[in-house]
Amino acid sequence: MKKLLLVLILFSLILTGCNNEENNALEEGEEDWTFELILPSQEKIELTAEWFLEQEPVEREVTPGEDDHRVYSGILLSTLLADYDLKQEELESIRCVAGDGYVVNIPDYIFQDREVLLALYKSGERLSSREYPVRVVIPEEELMYWVQNCVRMELEIKTQPPDRFLQYISWKPS
C-alpha cells in the first residue's frame with residue numbers, strides 16, 4: 001500500500017512539473033531579443049524587441065480547436081511588409097525558423113487569403129517562455145502552420161518563368 005501511494009505521489013509530481021512549463025512568465029530583462037526577417041532580395045532585417053513593442057498591436061480571436069478559443073495580439077505580416085514595399089500576395093512561401101531549429105515552410109495557398117499575425121501576446125499576457133519571442137499565428141488555419149518560438153522568417157517571392165519557357169508553351173506546330 002505504501003509503495004502504491006509513493007508511486008502515485010511521484011506520478012503526480014511529474015505531471016505537475018510538465019504542466020508548469022506553459023505558465024512560465026518572462027523574467028525581467030528578457031525583452032532583449034531580435035527577430036530576423038530575410039527579404040526576397042536576401043537583405044537581412046533585424047527587428048528588435050523594442051521595435052515590436054512600439055508597434056500598434058492588432059488583436060485576433062482564433063479557434064484552433066472546437067472548444068479552444070484564444071485571443072492573440074501582435075503585428076500583421078502585411079503591415080510589416082508594407083514598410084519594405086512588399087505585399088503578402090507577391091510571396092510564394094514563408095519559411096519560419098524557431099529557436100530550437102524547427103522549420104516550417106508555409107506555401108502561398110495557406111496564407112494568400114488569410115492574415116498572418118506575428119503575435120507577442122496571448123489572452124492579454126506576454127507569450128510564455130515556450131512560445132517566446134514571437135508566435136506566428138494564421139487564423140482559420142491548422143496549428144501545424146503556427147510556429148511558436150519563431151526567431152527568423154525568410155520570404156520568397158513569386159518568380160516569372162523565363163520568356164523562352166512562355167514561347168515554348170505558346171508554340172504550335174504548323
# chains A, B, ... in the order shown; residues from 1 in each chain; ligands from 1
>>> residues_around(residues="Trp33 of chain A", least_positions_apart="6", cutoff="9 Å", atoms="only C-alpha atoms", output="PDB file with C-alpha atoms, in the first residue's frame")
ATOM      1  CA  LEU A  47      13.791  43.773 -35.749  1.00  0.00           C
ATOM      2  CA  THR A  48      14.364  44.330 -32.044  1.00  0.00           C
ATOM      3  CA  ALA A  49      12.007  43.619 -29.180  1.00  0.00           C
ATOM      4  CA  GLU A  50      11.812  47.359 -28.630  1.00  0.00           C
ATOM      5  CA  PRO A 133       9.690  35.719 -28.580  1.00  0.00           C
ATOM      6  CA  VAL A 151      13.163  33.868 -34.329  1.00  0.00           C
TER       7      VAL A 151
END
>>> residues_around(residues="Gln55 of chain A", least_positions_apart="5", cutoff="10 Å", atoms="only C-alpha atoms", output="ChimeraX atom specification")
/A:50,74-75,80
>>> write_last_selection(atoms="N, CA and C atoms", output="PDB file, in the first residue's frame")
ATOM      1  N   GLU A  50      12.268  45.985 -28.829  1.00  0.00           N
ATOM      2  CA  GLU A  50      11.812  47.359 -28.630  1.00  0.00           C
ATOM      3  C   GLU A  50      10.963  47.811 -29.818  1.00  0.00           C
ATOM      4  N   GLY A  74      -0.619  41.164 -31.841  1.00  0.00           N
ATOM      5  CA  GLY A  74       0.726  41.409 -32.348  1.00  0.00           C
ATOM      6  C   GLY A  74       0.660  42.252 -33.608  1.00  0.00           C
ATOM      7  N   ILE A  75       1.549  41.981 -34.537  1.00  0.00           N
ATOM      8  CA  ILE A  75       1.672  42.770 -35.756  1.00  0.00           C
ATOM      9  C   ILE A  75       1.314  41.903 -36.950  1.00  0.00           C
ATOM     10  N   LEU A  80       3.909  44.817 -41.784  1.00  0.00           N
ATOM     11  CA  LEU A  80       5.367  44.802 -41.769  1.00  0.00           C
ATOM     12  C   LEU A  80       5.923  44.835 -43.195  1.00  0.00           C
TER      13      LEU A  80
END
>>> residues_around(residues="Ile110 of chain A", least_positions_apart="5", cutoff="10 Å", atoms="only C-alpha atoms", output="PyMOL selection string")
chain A and resi 93-94+115-116+138+140-142+145
>>> closest_residue(among="A:Asp108, A:Glu61, A:Asp83, A:Glu43", to="Glu154 of chain A", atoms="only C-alpha atoms")
A:Glu43
>>> closest_residue(among="A:Glu90, A:Glu36, A:Glu156, A:Glu56", to="Ile106 of chain A", atoms="only C-alpha atoms")
A:Glu156
>>> closest_residue(among="A:Pro57, A:Ala119, A:Tyr72, A:Ile157", to="Ser41 of chain A", atoms="only C-alpha atoms")
A:Ile157
>>> closest_residue(among="A:Leu155, A:Cys150, A:Glu54, A:Thr79", to="Leu39 of chain A", atoms="only C-alpha atoms")
A:Leu155
>>> atom_distance(atom1="atom CA of Gly124 of chain A", atom2="atom CA of Phe52 of chain A")
15.5 Å
>>> residues_around(residues="Glu125 of chain A", least_positions_apart="4", cutoff="10 Å", atoms="only C-alpha atoms", output="PyMOL selection string")
chain A and resi 25+71-73+120-121
>>> write_last_selection(atoms="C-alpha atoms", output="PDB file, in the first residue's frame")
ATOM      1  CA  ALA A  25       6.354  34.145 -17.319  1.00  0.00           C
ATOM      2  CA  VAL A  71      -7.019  35.820 -28.370  1.00  0.00           C
ATOM      3  CA  TYR A  72      -3.640  36.706 -29.832  1.00  0.00           C
ATOM      4  CA  SER A  73      -2.287  40.182 -30.465  1.00  0.00           C
ATOM      5  CA  LEU A 120       3.560  38.785 -28.912  1.00  0.00           C
ATOM      6  CA  TYR A 121       0.583  38.339 -26.582  1.00  0.00           C
TER       7      TYR A 121
END
>>> closest_residue(among="A:His69, A:Leu117, A:Glu46, A:Lys122", to="Val136 of chain A", atoms="only C-alpha atoms")
A:Leu117
>>> residues_around(residues="Cys96 of chain A", least_positions_apart="6", cutoff="6 Å", atoms="only C-alpha atoms", output="VMD selection string")
chain A and resid 103 to 104 152 to 153
>>> write_last_selection(atoms="C-alpha atoms", output="compact mmCIF listing (two decimals), in the first residue's frame")
# COMPACT_ATOMS: atom_id res chain seq x y z
CA VAL A 103 11.43 24.88 -39.57
CA VAL A 104 8.05 25.25 -41.24
CA ARG A 152 13.55 34.09 -38.11
CA MET A 153 11.29 34.46 -41.14
